[in-house]
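The data block below is my_file.csv; it holds CSV, C-alpha atoms and all ligand atoms.
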```csv
chain,number,residue,atom,x,y,z
A,818,MET,CA,80.2,103.9,118.3
A,819,ALA,CA,78.2,105.6,115.6
A,820,ALA,CA,79.3,105.0,112.0
A,821,PHE,CA,81.0,107.9,110.3
A,822,LYS,CA,81.3,108.4,106.6
A,823,GLU,CA,84.9,107.6,105.4
A,824,LEU,CA,86.8,110.7,104.7
A,825,VAL,CA,90.5,111.2,104.3
A,826,PHE,CA,92.4,114.2,105.6
A,827,SER,CA,96.1,114.9,105.5
A,828,GLY,CA,98.4,117.9,105.8
A,829,VAL,CA,101.8,118.9,104.6
A,830,GLN,CA,103.9,121.7,106.0
A,831,PRO,CA,105.1,124.4,103.6
A,832,THR,CA,108.7,124.4,104.8
A,833,GLY,CA,110.5,124.1,101.5
A,834,ASN,CA,112.6,121.6,99.6
A,835,LEU,CA,110.0,118.9,99.1
A,836,HIS,CA,111.9,115.7,98.3
A,837,LEU,CA,111.5,112.0,97.4
A,838,GLY,CA,110.7,111.1,101.0
A,839,ASN,CA,107.7,113.5,101.0
A,840,TYR,CA,106.7,112.1,97.6
A,841,LEU,CA,106.8,108.4,98.4
A,842,GLY,CA,105.8,108.8,102.0
A,843,ALA,CA,102.9,111.2,101.6
A,844,ILE,CA,102.0,112.8,98.3
A,845,SER,CA,102.0,109.7,96.1
A,846,ARG,CA,99.8,108.0,98.6
A,847,PHE,CA,97.4,111.0,98.6
A,848,VAL,CA,97.2,110.4,94.8
A,849,THR,CA,96.2,106.8,95.3
A,850,MET,CA,93.7,107.5,98.0
A,851,GLN,CA,91.7,109.8,95.8
A,852,GLU,CA,90.7,106.8,93.7
A,853,THR,CA,88.7,105.2,96.6
A,854,HIS,CA,87.9,108.1,99.0
A,855,ASP,CA,86.8,111.7,99.3
A,856,CYS,CA,90.0,113.4,100.3
A,857,ILE,CA,90.9,116.8,101.8
A,858,TYR,CA,94.6,117.8,101.4
A,859,CYS,CA,95.8,120.8,103.4
A,860,VAL,CA,98.9,123.0,103.2
A,861,VAL,CA,99.4,123.7,106.9
A,862,ASP,CA,100.7,127.2,107.0
A,863,LEU,CA,99.5,127.8,110.6
A,864,HIS,CA,101.7,125.0,111.7
A,865,ALA,CA,104.6,126.4,109.8
A,866,ILE,CA,104.7,129.6,111.9
A,867,THR,CA,105.3,127.6,115.1
A,868,VAL,CA,108.9,128.2,114.2
A,869,PRO,CA,110.3,131.4,112.5
A,870,GLN,CA,109.5,131.9,108.8
A,871,ASP,CA,110.4,134.5,106.2
A,872,PRO,CA,107.1,135.8,104.8
A,873,ARG,CA,108.2,135.8,101.2
A,874,GLU,CA,109.6,132.3,101.4
A,875,LEU,CA,106.5,131.1,103.1
A,876,THR,CA,104.3,132.4,100.3
A,877,ASP,CA,106.5,130.6,97.7
A,878,GLN,CA,106.5,127.4,99.8
A,879,ILE,CA,102.7,127.4,100.2
A,880,ARG,CA,102.4,127.6,96.4
A,881,GLU,CA,105.1,125.1,95.9
A,882,VAL,CA,103.4,122.4,98.0
A,883,THR,CA,100.2,123.1,96.2
A,884,ALA,CA,102.0,122.8,92.8
A,885,ALA,CA,103.5,119.5,94.0
A,886,PHE,CA,100.1,118.1,94.9
A,887,ILE,CA,98.7,118.9,91.5
A,888,ALA,CA,101.9,117.9,89.5
A,889,ALA,CA,101.9,114.6,91.3
A,890,GLY,CA,98.3,113.9,90.1
A,891,ILE,CA,96.0,115.1,92.8
A,892,ASP,CA,92.8,116.4,91.1
A,893,PRO,CA,91.8,119.6,93.0
A,894,LYS,CA,88.3,119.5,91.5
A,895,LYS,CA,87.6,116.0,92.7
A,896,ASN,CA,89.3,116.5,96.1
A,897,ILE,CA,89.7,119.6,98.3
A,898,VAL,CA,93.1,121.2,98.2
A,899,PHE,CA,93.6,124.4,100.3
A,900,ASN,CA,95.8,126.2,102.8
A,901,GLN,CA,94.9,126.1,106.5
A,902,SER,CA,94.9,129.8,107.2
A,903,GLN,CA,92.1,130.5,104.8
A,904,VAL,CA,89.8,128.3,106.9
A,905,PRO,CA,89.4,130.0,110.3
A,906,GLN,CA,87.5,127.0,111.7
A,907,HIS,CA,90.8,125.2,112.2
A,908,ALA,CA,92.1,127.8,114.6
A,909,GLU,CA,88.7,128.1,116.3
A,910,LEU,CA,88.4,124.4,117.0
A,911,ALA,CA,92.1,124.3,118.0
A,912,TRP,CA,91.3,126.7,120.9
A,913,ILE,CA,88.5,124.4,122.1
A,914,PHE,CA,90.8,121.4,121.9
A,915,ASN,CA,93.4,123.4,123.9
A,916,CYS,CA,90.7,123.2,126.6
A,917,VAL,CA,90.2,119.5,126.1
A,918,ALA,CA,93.8,118.2,125.9
A,919,ARG,CA,95.8,117.9,129.1
A,920,MET,CA,99.2,119.5,129.8
A,921,GLY,CA,100.4,116.0,130.6
A,922,TRP,CA,99.4,114.7,127.2
A,923,LEU,CA,101.3,117.4,125.4
A,924,ASN,CA,104.3,117.1,127.7
A,925,ARG,CA,104.8,113.6,126.3
A,926,MET,CA,105.1,114.6,122.7
A,927,THR,CA,108.5,113.7,121.4
A,928,GLN,CA,108.4,116.0,118.4
A,929,PHE,CA,108.1,119.0,120.7
A,930,LYS,CA,111.1,117.9,122.7
A,931,GLU,CA,113.1,117.4,119.5
A,932,LYS,CA,112.1,120.7,117.9
A,933,ALA,CA,112.3,122.8,121.1
A,934,GLY,CA,115.7,121.3,121.9
A,935,LYS,CA,117.5,122.5,125.0
A,936,ASP,CA,115.9,126.0,125.1
A,937,ARG,CA,112.4,125.0,125.9
A,938,GLU,CA,111.6,128.3,127.7
A,939,ASN,CA,112.1,130.0,124.4
A,940,ALA,CA,109.9,127.8,122.2
A,941,SER,CA,106.6,129.3,121.0
A,942,VAL,CA,103.4,128.3,122.8
A,943,GLY,CA,102.2,127.4,119.3
A,944,LEU,CA,105.0,124.8,119.0
A,945,PHE,CA,103.8,123.2,122.2
A,946,ALA,CA,100.1,123.3,121.1
A,947,TYR,CA,101.0,122.1,117.6
A,948,PRO,CA,99.2,118.7,118.1
A,949,THR,CA,95.9,120.3,119.2
A,950,LEU,CA,95.8,122.3,115.9
A,951,MET,CA,96.5,119.1,114.1
A,952,ALA,CA,93.6,117.4,115.8
A,953,ALA,CA,91.4,120.3,114.8
A,954,ASP,CA,92.6,120.0,111.2
A,955,ILE,CA,91.3,116.5,111.1
A,956,LEU,CA,88.2,116.7,113.3
A,957,ALA,CA,86.9,120.0,111.8
A,958,TYR,CA,85.8,117.7,109.0
A,959,ARG,CA,85.2,114.7,111.2
A,960,ALA,CA,87.7,112.9,109.0
A,961,THR,CA,88.1,109.1,109.6
A,962,HIS,CA,91.4,108.3,107.9
A,963,VAL,CA,94.7,110.1,107.9
A,964,PRO,CA,97.7,109.0,105.8
A,965,VAL,CA,100.9,110.2,107.6
A,966,GLY,CA,104.5,109.3,108.0
A,967,ASP,CA,105.4,107.2,111.1
A,968,ASP,CA,106.9,110.3,112.8
A,969,GLN,CA,103.3,111.6,113.1
A,970,LYS,CA,101.9,108.5,114.8
A,971,GLN,CA,102.0,110.0,118.3
A,972,HIS,CA,100.2,113.2,117.2
A,973,LEU,CA,97.5,111.0,115.6
A,974,GLU,CA,97.1,109.1,118.9
A,975,LEU,CA,96.7,112.5,120.6
A,976,SER,CA,94.0,113.4,118.1
A,977,ARG,CA,92.2,110.2,119.0
A,978,ASP,CA,92.5,110.9,122.7
A,979,ILE,CA,91.1,114.4,122.2
A,980,ALA,CA,88.1,113.1,120.1
A,981,GLN,CA,87.5,110.4,122.8
A,982,LYS,CA,87.6,112.9,125.7
A,983,PHE,CA,85.3,115.3,123.9
A,984,ASN,CA,82.8,112.5,123.2
A,985,ASN,CA,83.0,111.4,126.9
A,986,ASP,CA,83.0,114.8,128.6
A,987,TRP,CA,80.0,116.1,126.7
A,988,ALA,CA,78.3,112.7,126.1
A,989,GLU,CA,74.9,114.0,127.5
A,990,ALA,CA,74.9,117.2,125.4
A,991,ILE,CA,76.0,115.1,122.3
A,992,VAL,CA,72.9,112.9,122.7
A,993,GLU,CA,70.6,115.9,123.5
A,994,ASN,CA,71.8,117.6,120.3
A,995,GLY,CA,70.9,114.5,118.3
A,996,HIS,CA,74.4,113.2,117.5
A,997,GLY,CA,74.0,109.8,119.1
A,998,ASP,CA,76.8,108.3,121.2
A,999,ALA,CA,79.7,110.2,119.6
A,1000,PHE,CA,80.3,113.5,117.9
A,1001,PHE,CA,83.8,112.9,116.6
A,1002,PRO,CA,85.1,109.8,115.0
A,1003,LEU,CA,88.5,108.4,116.3
A,1004,PRO,CA,90.6,109.1,113.2
A,1005,GLU,CA,92.7,106.2,112.0
A,1006,PRO,CA,96.3,106.7,111.0
A,1007,LEU,CA,97.3,105.1,107.7
A,1008,ILE,CA,101.1,104.7,108.3
A,1009,GLN,CA,103.5,104.2,105.5
A,1010,GLY,CA,105.2,100.8,105.2
A,1011,PRO,CA,108.9,100.3,105.5
A,1012,ALA,CA,109.4,100.3,101.7
A,1013,THR,CA,108.4,103.9,101.5
A,1014,ARG,CA,110.6,105.1,104.3
A,1015,VAL,CA,113.2,106.9,102.3
A,1016,MET,CA,116.7,107.4,103.8
A,1017,SER,CA,119.5,109.8,102.9
A,1018,LEU,CA,121.4,108.8,99.7
A,1019,ARG,CA,124.7,109.6,101.6
A,1020,ASP,CA,123.9,107.7,104.8
A,1021,GLY,CA,121.4,104.8,104.9
A,1022,SER,CA,120.8,105.2,108.6
A,1023,LYS,CA,119.5,108.8,108.4
A,1024,LYS,CA,116.1,109.8,107.1
A,1025,MET,CA,116.1,111.8,103.8
A,1026,SER,CA,115.7,115.4,105.0
A,1027,LYS,CA,115.2,118.9,103.7
A,1028,SER,CA,117.7,120.2,106.2
A,1029,ASP,CA,120.6,117.9,105.4
A,1030,PRO,CA,123.5,120.2,104.3
A,1031,SER,CA,124.4,117.9,101.4
A,1032,ASP,CA,122.1,118.3,98.4
A,1033,TYR,CA,123.4,114.9,97.3
A,1034,SER,CA,121.6,113.3,100.2
A,1035,ARG,CA,118.2,113.8,98.7
A,1036,ILE,CA,116.3,114.0,95.4
A,1037,ASN,CA,114.3,117.2,95.5
A,1038,LEU,CA,110.9,117.1,93.7
A,1039,THR,CA,112.1,120.1,91.7
A,1040,ASP,CA,115.3,118.3,90.4
A,1041,ASP,CA,115.6,117.9,86.7
A,1042,ALA,CA,116.5,114.7,84.9
A,1043,ASP,CA,120.3,115.4,85.0
A,1044,ALA,CA,120.3,116.2,88.8
A,1045,ILE,CA,118.2,113.0,89.5
A,1046,ALA,CA,120.6,110.9,87.4
A,1047,GLN,CA,123.7,112.3,89.1
A,1048,LYS,CA,122.4,111.9,92.6
A,1049,VAL,CA,121.4,108.3,92.0
A,1050,ARG,CA,124.8,107.5,90.5
A,1051,LYS,CA,126.6,109.1,93.4
A,1052,ALA,CA,124.4,107.4,96.0
A,1053,LYS,CA,126.4,105.5,98.6
A,1054,THR,CA,126.4,101.7,98.3
A,1055,ASP,CA,128.5,98.8,99.7
A,1056,PRO,CA,130.8,96.6,97.7
A,1057,GLU,CA,128.6,93.4,97.7
A,1058,PRO,CA,126.3,92.6,94.8
A,1059,LEU,CA,122.5,92.8,95.6
A,1060,PRO,CA,121.0,89.9,97.5
A,1061,SER,CA,118.2,87.8,96.0
A,1062,GLU,CA,116.1,87.9,99.1
A,1063,ALA,CA,114.9,90.6,101.5
A,1064,ALA,CA,116.7,88.9,104.5
A,1065,GLY,CA,120.0,89.7,102.7
A,1066,LEU,CA,119.4,93.4,103.1
A,1067,SER,CA,119.7,93.4,106.9
A,1068,GLY,CA,122.8,95.3,108.0
A,1069,ARG,CA,123.1,96.9,104.6
A,1070,PRO,CA,121.1,100.2,105.0
A,1071,GLU,CA,122.2,101.8,101.7
A,1072,ALA,CA,121.3,98.7,99.7
A,1073,GLU,CA,118.0,98.4,101.5
A,1074,ASN,CA,117.2,102.1,100.8
A,1075,LEU,CA,117.9,101.9,97.1
A,1076,VAL,CA,115.9,98.7,96.7
A,1077,GLY,CA,113.1,100.3,98.7
A,1078,ILE,CA,113.1,103.4,96.5
A,1079,PHE,CA,113.1,101.3,93.4
A,1080,ALA,CA,110.2,99.2,94.6
A,1081,ALA,CA,108.2,102.2,95.7
A,1082,LEU,CA,108.8,104.1,92.4
A,1083,LYS,CA,107.8,101.0,90.4
A,1084,GLY,CA,104.9,100.1,92.7
A,1085,VAL,CA,106.1,96.5,93.3
A,1086,PRO,CA,107.2,94.7,96.5
A,1087,ARG,CA,110.9,94.7,97.4
A,1088,GLU,CA,111.0,90.9,96.9
A,1089,ALA,CA,110.1,91.4,93.2
A,1090,VAL,CA,113.0,93.8,92.8
A,1091,LEU,CA,115.4,91.4,94.4
A,1092,ALA,CA,114.1,88.5,92.4
A,1093,GLU,CA,115.1,90.5,89.3
A,1094,PHE,CA,118.3,92.0,90.4
A,1095,GLY,CA,119.7,89.5,93.0
A,1096,GLY,CA,123.4,89.0,92.2
A,1097,ALA,CA,123.7,92.2,90.1
A,1098,GLN,CA,126.3,94.8,90.8
A,1099,PHE,CA,125.2,98.2,92.0
A,1100,SER,CA,126.5,99.8,88.8
A,1101,ALA,CA,124.0,97.9,86.7
A,1102,PHE,CA,121.2,98.3,89.3
A,1103,LYS,CA,121.7,102.0,89.5
A,1104,GLY,CA,121.5,102.3,85.7
A,1105,VAL,CA,118.0,100.9,85.7
A,1106,LEU,CA,117.1,103.0,88.8
A,1107,VAL,CA,118.2,106.2,87.1
A,1108,ASP,CA,115.9,105.5,84.2
A,1109,LEU,CA,113.0,104.6,86.5
A,1110,ALA,CA,113.5,107.7,88.8
A,1111,VAL,CA,113.8,110.0,85.8
A,1112,GLU,CA,110.7,108.6,84.2
A,1113,ARG,CA,108.6,108.9,87.3
A,1114,LEU,CA,110.0,112.2,88.8
A,1115,ALA,CA,111.2,114.4,86.0
A,1116,PRO,CA,107.7,115.0,84.6
A,1117,ILE,CA,106.6,116.1,88.1
A,1118,ALA,CA,109.5,118.6,88.4
A,1119,GLY,CA,108.6,120.0,85.0
A,1120,GLU,CA,104.9,120.4,85.8
A,1121,MET,CA,105.8,121.9,89.2
A,1122,LYS,CA,108.0,124.5,87.4
A,1123,ARG,CA,105.2,125.3,85.0
A,1124,LEU,CA,102.6,125.6,87.8
A,1125,THR,CA,104.7,127.7,90.2
A,1126,GLN,CA,105.1,130.2,87.4
A,1127,ASP,CA,101.3,130.5,87.2
A,1128,SER,CA,100.7,131.7,90.8
A,1129,ALA,CA,97.2,133.1,89.8
A,1130,TYR,CA,96.1,129.6,89.0
A,1131,ILE,CA,97.6,128.2,92.2
A,1132,ASP,CA,96.0,130.9,94.3
A,1133,ALA,CA,92.6,130.2,92.6
A,1134,VAL,CA,92.9,126.5,93.4
A,1135,LEU,CA,93.5,127.4,97.1
A,1136,ALA,CA,90.7,129.9,97.3
A,1137,ASP,CA,88.2,127.4,95.7
A,1138,GLY,CA,89.4,124.6,98.0
A,1139,SER,CA,89.2,126.8,101.1
A,1140,GLU,CA,85.6,127.8,100.2
A,1141,ARG,CA,84.6,124.2,99.9
A,1142,ALA,CA,86.5,123.3,103.1
A,1143,ARG,CA,84.7,126.1,105.1
A,1144,ALA,CA,81.3,124.8,103.9
A,1145,ILE,CA,82.1,121.4,105.5
A,1146,ALA,CA,83.7,122.7,108.6
A,1147,GLN,CA,81.3,125.4,109.6
A,1148,PRO,CA,78.3,123.1,110.4
A,1149,ASN,CA,80.6,121.0,112.5
A,1150,ILE,CA,81.8,124.0,114.4
A,1151,ASP,CA,78.2,125.2,114.9
A,1152,ALA,CA,77.4,121.7,116.3
A,1153,VAL,CA,80.4,121.9,118.7
A,1154,LYS,CA,79.2,125.3,119.9
A,1155,ASP,CA,75.8,123.9,120.6
A,1156,ILE,CA,77.2,121.0,122.4
A,1157,LEU,CA,79.4,123.2,124.6
A,1158,GLY,CA,76.4,125.5,125.4
A,1159,PHE,CA,77.7,128.6,123.6
A,1160,VAL,CA,75.1,131.1,122.4
A,1161,ARG,CA,75.2,131.8,118.6
A,1162,GLY,CA,73.0,133.5,116.0
A,1163,ARG,CA,70.9,131.3,113.8
A,1201,LIG,N1,102.2,117.5,111.4
A,1201,LIG,C1,102.2,117.0,110.1
A,1201,LIG,C2,103.6,116.8,109.6
A,1201,LIG,O1,104.5,117.5,110.0
A,1201,LIG,C3,101.4,117.9,109.2
A,1201,LIG,C4,100.0,118.0,109.5
A,1201,LIG,C5,99.3,119.0,110.1
A,1201,LIG,C6,99.0,116.9,109.4
A,1201,LIG,N2,98.0,118.8,110.3
A,1201,LIG,C7,97.8,117.5,109.9
A,1201,LIG,C8,99.1,115.6,108.9
A,1201,LIG,C9,96.6,116.7,109.9
A,1201,LIG,C10,97.9,114.9,108.9
A,1201,LIG,C11,96.7,115.4,109.4
A,1201,LIG,O2,103.8,116.0,108.7
```
Would you kindly transcribe this structure into structure tokens?
Amino acid sequence: MAAFKELVFSGVQPTGNLHLGNYLGAISRFVTMQETHDCIYCVVDLHAITVPQDPRELTDQIREVTAAFIAAGIDPKKNIVFNQSQVPQHAELAWIFNCVARMGWLNRMTQFKEKAGKDRENASVGLFAYPTLMAADILAYRATHVPVGDDQKQHLELSRDIAQKFNNDWAEAIVENGHGDAFFPLPEPLIQGPATRVMSLRDGSKKMSKSDPSDYSRINLTDDADAIAQKVRKAKTDPEPLPSEAAGLSGRPEAENLVGIFAALKGVPREAVLAEFGGAQFSAFKGVLVDLAVERLAPIAGEMKRLTQDSAYIDAVLADGSERARAIAQPNIDAVKDILGFVRGR
């Protein structure tokens, strides 16, 4: 297949309560990737309305995710940071992909089954078609690499299937229009490792979640130093001291989670953490973890607070990012229209 220029795309839903899981699993990796790649980071507001949203809260949440990106260290000048609804090419390409993807493919999506629950008849059509919009997000830019959590792996595979089917079904027109043997790249997922899979602080077998009723189950990105410290100190543990090797973490989900969080925040492997703290009691380990978590996260919370108070600045970042995003997406959409045989003005 033709070589495509490496380009990173990822999206985050503006659904409120960003927490440590979003930070370690997604946002902090976005920050790292900007060192080596051109990156496009999108606040996916069109995806948010696949389930009910309060308009005022949605506005705040779009700004909050944008603030979190910037506070965490994403440079909106070097990269493109924008919200999906300001770039109509996403919805346009999503329609075309609705005509490429098969009902059978979407019927297999486990996230739809989970989100729709028992009352499937009452789920929005948008919730069902969610993955075709996600494919359009990525492929409108012909992006090649997509950092996502492992819950999004199936959606990424669907994006690849859509790209592949488009390339096959229109192979002749793709050649005739001068694009060689493939118009879309098959985007590669960059899935987070187990060390960045963050679990609830109250129950090591459940993922940290914005919808957990206990606020003590998660560290919100907006938590100040006191809240972070309290939550780490109250985190559930078991009575044994820490093991000195990773094998000793099996069957100890809370210990595994805290060690994983420590390692991810410090940017070292879990083995290094255990080499240092093996044999230590949790009380001692938590003391050091509090300091590390406060040092890494409290400045982000402070900066987010400052930025969300300056909504004019945030909105300007999004407007500028959207303009630069449209400039990349439009020629790709034009090419798709030519491939499909649509008539368009030139
Ligand atoms: N579905 C993703 C999630 O819930 C968000 C998303 C939308 C996304 N479009 C995307 C992620 C494109 C990566 C690429 O996490």
>> Set the distance at 12 Å and use all atoms listed in the file: which residues neighbour A:Gly833 once local chain neighbours fewer than 5 positions away are removed? I'd like the list as a ChimeraX atom specification.
In response: /A:839,860,862,865,870-871,873-883,885,1026-1028,1037-1039
> Skipping near chain neighbours, those fewer than 5 positions away, what residues fall within 9 Å of A:Val1090 using only C-alpha atoms, listed as a ChimeraX atom specification?
Replying inline: /A:1061,1076-1077,1079-1080,1085,1095
> For the atom pair atom C6 of ligand LIG 1201 (chain A) and atom CA of A:Glu974, what is the interatomic distance in Å to one decimal place?
Replying inline: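 Rounded to one decimal, the two atoms are 12.4 Å apart.
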> For ligand LIG 1201 (chain A), which of A:His962, A:Lys894, A:Arg1123, A:Arg846 is the closest residue, counting only C-alpha atoms and all ligand atoms?
Replying inline: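 Checking each of A:His962, A:Lys894, A:Arg1123, A:Arg846 against ligand LIG 1201 (chain A), counting only C-alpha atoms and all ligand atoms, the winner is A:His962.
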>> As a quick test: using all atoms listed in the file, which residues lie no more than 6 Å away from ligand LIG 1201 (chain A)? Give them as a list in words.
In response: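 So, counting all atoms listed in the file, the residues near ligand LIG 1201 (chain A) are Phe826, Ser827, Gly828, Val829, Gln830, Val861, Met951, Asp954, Ile955, Val963 and Val965 of chain A.
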> What gap, in Å, lies between atom CA of A:Leu950 and atom CA of A:Ser976?
Replying inline: 9.3 Å
>> So that I can see what lies close to A:Ala980, please list as a VMD selection string the residues with an atom at most 10 Å from it, counting all atoms listed in the file and leaving out residues fewer than 4 positions away in the same chain.
In response: chain A and resid 914 917 to 918 952 to 953 956 959 974 to 976 984 to 985 999 to 1004
> Closest to A:Glu1088 among A:Ala1063, A:Leu841, A:Ile1008, A:Val992, using only C-alpha atoms?
Replying inline: A:Ala1063
>> Please compute the atom CA of A:Ile887-atom CA of A:Tyr858 distance, one decimal, in Å.
In response: 10.8 Å
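You can rank A:His836, A:His864, A:Arg1161, A:Lys982 by their closest distance to A:Ala946 using all atoms listed in the file, and at the top of that list sits A:His864.
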> Which is closest to A:Asp967 among A:Gln1009, A:Ser1017, A:Thr949, A:Ser1067, if we use all atoms listed in the file?
Replying inline: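 Among A:Gln1009, A:Ser1017, A:Thr949, A:Ser1067, it is A:Gln1009 that comes nearest to A:Asp967.
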